[in-house]
Structure formats: structure tokens, C-alpha cells
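Shown next, in C-alpha cells, is the structure this report addresses.
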Amino acid sequence: MGTGHNHHGFPMEILQLTTTPFYYYDLDVLRTTLAEIRRLTADGPYSVHYAVKANGNPRIISEIAQTGLGADLVSGHEIEAALAAGIPASEMTYSGVGKTDWEIRTGISHDIGCFNVESVPELEVINAIAGEMDATARVAIRVNPDIDAHTHKYITTGTADNKFGIPLESLQQVIGMAMSMPNIHLSGLHFHIGSQITQMQPYEMLCDTINGILDQYEGQGIQFEIINVGGGLGIDYDNPDTHPLPDLERYFNTFKQRLHLREGQRLHFELGRAIVGGCGSLICRVLYVKENRGKRFVIVDAGMNDLLRPALYGAHHQLQNLTSTSSDIETYDVVGPVCESSDVFAHDCRLPVTRRGDLIAIRSAGAYGESMASTYNMRSLPAGIFHSSIDK
């Protein structure tokens with residue numbers, strides 16, 4: 001197959017001329033997603049921060065910065081990347097259970113919008129460092145609401161068993177500590193219950209929990225400027241062509257209708273996968289097709305070092321053969337070249353008859369794909385290639 005687009009909409013002239021494996025980003029999908037987020041959050045006191053950990057490619061962050069979104073960050077280098085992309089420091093939140101001293105200093109020196117504080121020792125260290133710098137650090141206390149988001153155990157973050165946040169029963173004490181510290185300004189409360197959440201019930205439960213907390217502290221005369229509900233909205237990994245965007249309307253409407261914000265309060269969202277997941281695909285080439293005891297294997301030139309999610313937590317991505325012209329379907333295990341038994345992209349994957357040299361797209365890989373890539377086996381990091389129907 002030469003020039004033009006194949007039936008999945010990929011521009012074959014770009015794919016055929018680029019050395020595999022590489023990440024292909026459809027900027028039209030990214031821009032449509034960003035426009036929909038802006039439309040749905042323009043009618044109230046809402047701020048959306050992009051979770052840079054999902055994809056730190058400078059072009060991606062720059063596209064998001066141009067739309068006016070803020071940044072949710074989990075390392076000092078992410079702060080630097082967001083600043084380089086043009087995101088104002090005032091629109092940055094810094095999360096994570098293990099902030100180092102230099103990262104805290106970086107955040108304070110740039111006067112970032114908010115530190116999402118995960119523990120009492122961290123609160124004490126931020127106060128001490130801010131004191132040394134003759135500064136005030138704005139913080140939101142991350143509350144662990146003990147809500148099970150019913151996703152994989154490695155991406156659930158809001159239950160009592162997780163390392164994240166401060167338990168509800170300790171919140172009163174920690175709020176009192178924060179309010180008494182000379183170099184801390186308590187801005188609000190932060191929640192994040194997990195990742196790849198596609199049902200709204202966990203978010204409804206979160207809203208009910210937050211409403212109860214706000215009622216309790218309002219009775220004590222304590223007001224919060226910011227309520228941060230994190231992110232975690234999932235995408236449709238099974239049907240990337242029919243659902244390239246997540247269900248953003250239902251997500252934002254759940255909070256608009258169920259969460260009782262107080263006057264002057266601002267609601268923060270921290271979306272990562274929902275923004276970039278659908279715009280990216282990992283493109284690889286078939287090296288060999290082999291049969292072993294009745295099982296067919298498609299061996300591709302991308303490995304778990306390029307896309308870790310399937311090996312790390314058995315994640316499912318739809319695979320598409322972009323170049324086969326066969327109408328016959330076969331069942332394959334699609335695997336990579338890395339010397340690990342977990343280097344498998346799909347078991348029992350139904351594809352058109354596949355041969356050496358075919359191009360395979362591993363879809364919905366825009367989030368936690370390139371950002372988690374490594375050079376394991378001394379393999380090169382995959383390049384990022386961008387395409388837009390407008391940027392010709």
C-alpha cells in the first residue's frame with residue numbers, strides 16, 4: 001500500500017517513510033479533545049490542569065499550553081518542561097508522595113500555584129524550605145477518601161491500602177497544622193481516586209464525600225479556595241475509531257450537578273489520559289510470523305520498552321494491521337523482541353493475514369506510552385511523529 005490513507009485514516013506516505021517503531025500523534029484528535037474540554041468548562045469556576053506524566057513530549061505540552069490549560073506535575077523536571085512550553089507557574093499544581101528538597105525549592109522559586117501535599121512530614125519540610133527562602137508556599141492537602149475506583153490495583157489510588165494522601169480521620173489535625181505554619185498558605189483540598197475510570201459512580205461517591213467535608217469545615221468557619229478532584233477519566237481502548245474522545249460531557253456534568261461548591265471556590269481537574277490517550281498510536285513493523293505448536297506469533301519491532309502498559313498491568317490496546325489487503329482473518333499472539341516473557345502486546349488477537357513487513361498500529365497509546373519508554377536491551381527510544389490535516 002503506497003500513498004493516501006488506509007481504512008483506519010492513517011497517512012500511509014508518512015508511515016511508510018518513517019523508521020519503526022515510532023509514536024504517531026494525530027493532532028486533529030488532540031485539538032478536538034482540547035476544544036471540547038474548553039467548551040465544557042467555560043461556564044463556571046473551573047480550571048483544567050494537564051497531567052504531564054501522561055505524555056511529556058514537548059510538542060504535546062506546547063499544544064496543550066496554547067489552549068490555556070494548566071499543568072499537574074509530579075517532578076521538578078516536569079515543572080521545567082511545563083515552564084518551557086509556556087504554561088504559567090500560577091497554573092501549576094505539584095503532586096507526588098516523594099518530593100525532594102530541590103524539587104520543592106524549584107516549585108517555590110517559581111511561585112507555582114499549589115503543592116498537593118501527601119503527608120505531615122512533607123508539609124513540615126515545605127514549610128521549613130519556604131521559611132529558608134523567605135516565601136509562602138500555597139498547599140492543598142491530598143485527602144485519601146477510601147473510595148475504590150474499581151480499576152487495576154496498580155492504578156487505584158484512593159483506597160485505604162494506597163500510599164497516597166492523608167486519611168479522612170487525620171484531616172482535622174493536618175488542617176490545623178497547616179493553618180498554624182508561618183510559611184504555608186492552605187489553599188484547599190485535593191482528591192484523586194484512580195485512573196482509567198469509565199463509570200461515573202466513583203465520581204458521584206467522591207462528590208458526596210467532598211460535600212460532607214465542606215459542610216463540616218464550613219461549620220467551623222474554615223473555607224477552602226480550591227477543591228481539586230484530580231482526574232482519572234478513562235478512554236475507550238476497545239473502539240478507538242468510533243470513540244476517539246472520552247465521555248467528557250458526562251464527566252464534567254457529574255461534578256457540575258453533584259458537587260456543591262461554595263461561593264468563591266474554584267474546582268480543579270487534573271486530566272492526563274483523557275486528553276492525550278486517543279491521539280497516539282505506536283507504529284511498528286512485522287519482523288517474523290512463526291508458528292509454534294499450533295499457535296501463531298507475530299513478532300514486531302516494538303517492545304515492552306516502547307510501550308510498557310501491557311507488560312506492566314496486562315493493559316489492552318487495539319491492534320490494527322495497516323497494510324494487509326487480505327480479507328481472511330487469523331488469530332495471533334503479537335509479541336516484541338525484548339528478552340522477557342512479558343513482552344507481549346496481545347494474546348489471541350484477530351488480524352487480517354499478516355506477513356513480514358506489514359505495519360501494525362497499536363492504538364490509544366498517547367498516554368503512558370512514550371512517557372514510560374526506556375532503553376532496556378539498549379534499544380533506542382521511539383521517535384514522535386506528528387500529523388494534522390490543517391498543518392500542510
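Identifiers for the C-alpha cells are assigned positionally: chains receive A, B, ... in sequence, residues are indexed from 1 per chain, and ligands are indexed from 1 in the order shown.
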Report as a PDB file with C-alpha atoms, in the first residue's frame all protein, DNA and RNA residues lying within 7 Å of Ala89 of chain A, evaluated on only C-alpha atoms, omitting residues in the same chain fewer than 4 positions from it.
```
ATOM      1  CA  LEU A  83       7.505  26.333  32.025  1.00  0.00           C
ATOM      2  CA  HIS A 110       8.818  29.832  40.504  1.00  0.00           C
ATOM      3  CA  ASP A 111       5.857  30.541  42.830  1.00  0.00           C
ATOM      4  CA  ILE A 112       3.761  27.698  41.426  1.00  0.00           C
ATOM      5  CA  GLY A 113       0.037  27.749  42.048  1.00  0.00           C
TER       6      GLY A 113
END
```
All strand (DSSP E or B) positions in segment 36-197 of chain A, as JSON, numbers by chain: {"A": [46, 47, 48, 49, 50, 51, 70, 71, 72, 73, 92, 93, 94, 114, 115, 116, 117, 137, 138, 139, 140, 141, 142, 143, 144, 156, 166, 167, 184, 185, 186, 187, 188, 189, 190, 194, 197]}
Would you write out, as JSON lines, a table of all residues in segment 156-236 of chain A that have an atom no more than 12 Å from an atom of segment 249-268 of chain A, listing for each the closest atom pair and the distance in Å to one decimal, considering only C-alpha atoms and ordering rows by chain and rising residue number?
```
{"residue": "A:Ser187", "atom": "CA", "partner": "A:Gln265", "partner_atom": "CA", "distance": 10.1}
{"residue": "A:Gly188", "atom": "CA", "partner": "A:Gln265", "partner_atom": "CA", "distance": 9.2}
{"residue": "A:Leu189", "atom": "CA", "partner": "A:His268", "partner_atom": "CA", "distance": 10.0}
{"residue": "A:His190", "atom": "CA", "partner": "A:His268", "partner_atom": "CA", "distance": 8.7}
{"residue": "A:Phe191", "atom": "CA", "partner": "A:His268", "partner_atom": "CA", "distance": 10.0}
{"residue": "A:His192", "atom": "CA", "partner": "A:His268", "partner_atom": "CA", "distance": 11.1}
{"residue": "A:Ile197", "atom": "CA", "partner": "A:Tyr251", "partner_atom": "CA", "distance": 10.0}
{"residue": "A:Thr198", "atom": "CA", "partner": "A:Tyr251", "partner_atom": "CA", "distance": 9.0}
{"residue": "A:Gln199", "atom": "CA", "partner": "A:Tyr251", "partner_atom": "CA", "distance": 9.1}
{"residue": "A:Met200", "atom": "CA", "partner": "A:Tyr251", "partner_atom": "CA", "distance": 7.0}
{"residue": "A:Gln201", "atom": "CA", "partner": "A:Thr254", "partner_atom": "CA", "distance": 9.3}
{"residue": "A:Pro202", "atom": "CA", "partner": "A:Thr254", "partner_atom": "CA", "distance": 10.5}
{"residue": "A:Tyr203", "atom": "CA", "partner": "A:Thr254", "partner_atom": "CA", "distance": 7.3}
{"residue": "A:Glu204", "atom": "CA", "partner": "A:Thr254", "partner_atom": "CA", "distance": 6.8}
{"residue": "A:Met205", "atom": "CA", "partner": "A:Arg258", "partner_atom": "CA", "distance": 9.4}
{"residue": "A:Leu206", "atom": "CA", "partner": "A:Leu259", "partner_atom": "CA", "distance": 8.8}
{"residue": "A:Cys207", "atom": "CA", "partner": "A:Leu259", "partner_atom": "CA", "distance": 5.1}
{"residue": "A:Asp208", "atom": "CA", "partner": "A:Leu259", "partner_atom": "CA", "distance": 7.1}
{"residue": "A:Thr209", "atom": "CA", "partner": "A:Leu259", "partner_atom": "CA", "distance": 9.4}
{"residue": "A:Ile210", "atom": "CA", "partner": "A:Leu259", "partner_atom": "CA", "distance": 7.5}
{"residue": "A:Asn211", "atom": "CA", "partner": "A:His260", "partner_atom": "CA", "distance": 6.1}
{"residue": "A:Gly212", "atom": "CA", "partner": "A:His260", "partner_atom": "CA", "distance": 9.7}
{"residue": "A:Ile213", "atom": "CA", "partner": "A:His260", "partner_atom": "CA", "distance": 10.9}
{"residue": "A:Leu214", "atom": "CA", "partner": "A:Arg262", "partner_atom": "CA", "distance": 8.4}
{"residue": "A:Asp215", "atom": "CA", "partner": "A:His260", "partner_atom": "CA", "distance": 9.5}
{"residue": "A:Tyr217", "atom": "CA", "partner": "A:Arg262", "partner_atom": "CA", "distance": 11.7}
{"residue": "A:Glu218", "atom": "CA", "partner": "A:Arg262", "partner_atom": "CA", "distance": 9.4}
{"residue": "A:Ile222", "atom": "CA", "partner": "A:Arg262", "partner_atom": "CA", "distance": 11.6}
{"residue": "A:Gln223", "atom": "CA", "partner": "A:Arg262", "partner_atom": "CA", "distance": 8.5}
{"residue": "A:Phe224", "atom": "CA", "partner": "A:Gln265", "partner_atom": "CA", "distance": 6.8}
{"residue": "A:Glu225", "atom": "CA", "partner": "A:Gln265", "partner_atom": "CA", "distance": 4.8}
{"residue": "A:Ile226", "atom": "CA", "partner": "A:Arg266", "partner_atom": "CA", "distance": 5.0}
{"residue": "A:Ile227", "atom": "CA", "partner": "A:Leu267", "partner_atom": "CA", "distance": 5.0}
{"residue": "A:Asn228", "atom": "CA", "partner": "A:His268", "partner_atom": "CA", "distance": 4.4}
{"residue": "A:Val229", "atom": "CA", "partner": "A:His268", "partner_atom": "CA", "distance": 6.3}
{"residue": "A:Gly230", "atom": "CA", "partner": "A:His268", "partner_atom": "CA", "distance": 7.2}
{"residue": "A:Gly231", "atom": "CA", "partner": "A:His268", "partner_atom": "CA", "distance": 9.2}
{"residue": "A:Gly232", "atom": "CA", "partner": "A:Tyr251", "partner_atom": "CA", "distance": 10.2}
{"residue": "A:Leu233", "atom": "CA", "partner": "A:Tyr251", "partner_atom": "CA", "distance": 7.4}
{"residue": "A:Gly234", "atom": "CA", "partner": "A:Tyr251", "partner_atom": "CA", "distance": 9.9}
{"residue": "A:Ile235", "atom": "CA", "partner": "A:Tyr251", "partner_atom": "CA", "distance": 11.7}
```
Non-local contacts of Ile126 of chain A (9 Å; only C-alpha atoms; under 5 positions in same chain excluded) as a PyMOL selection string: chain A and resi 101+104-105+108+115+117+121+131+137+183-184
Could you make a table, as a Markdown table, of the residues of segment 52-129 of chain A that have an atom within 8 Å of an atom of segment 271-286 of chain A, each with its nearest atom pair and distance in Å to one decimal, counting only C-alpha atoms, in chain and number order?
```
| residue | atom | partner | partner_atom | distance |
| --- | --- | --- | --- | --- |
| A:Val52 | CA | A:Gly272 | CA | 6.7 |
| A:Lys53 | CA | A:Gly272 | CA | 7.4 |
| A:Ala54 | CA | A:Gly272 | CA | 5.3 |
| A:Asn55 | CA | A:Val276 | CA | 7.3 |
```
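Atom pair atom CA of Asn144 of chain A / atom CA of Ile166 of chain A: separated by 5.3 Å.
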Segment 141-274 of chain A: residues DSSP assigns to alpha helix (DSSP H), reported as a count of residues only: 42
Coordinates-based distance that separates atom CA of Ile14 of chain A from atom CA of Asp333 of chain A (Å, one decimal): 26.7 Å
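Closest approach to Leu319 of chain A from the set A:Met12, A:Ile175, A:Cys349, A:Ala365 is made by A:Cys349, with distances taken over only C-alpha atoms.
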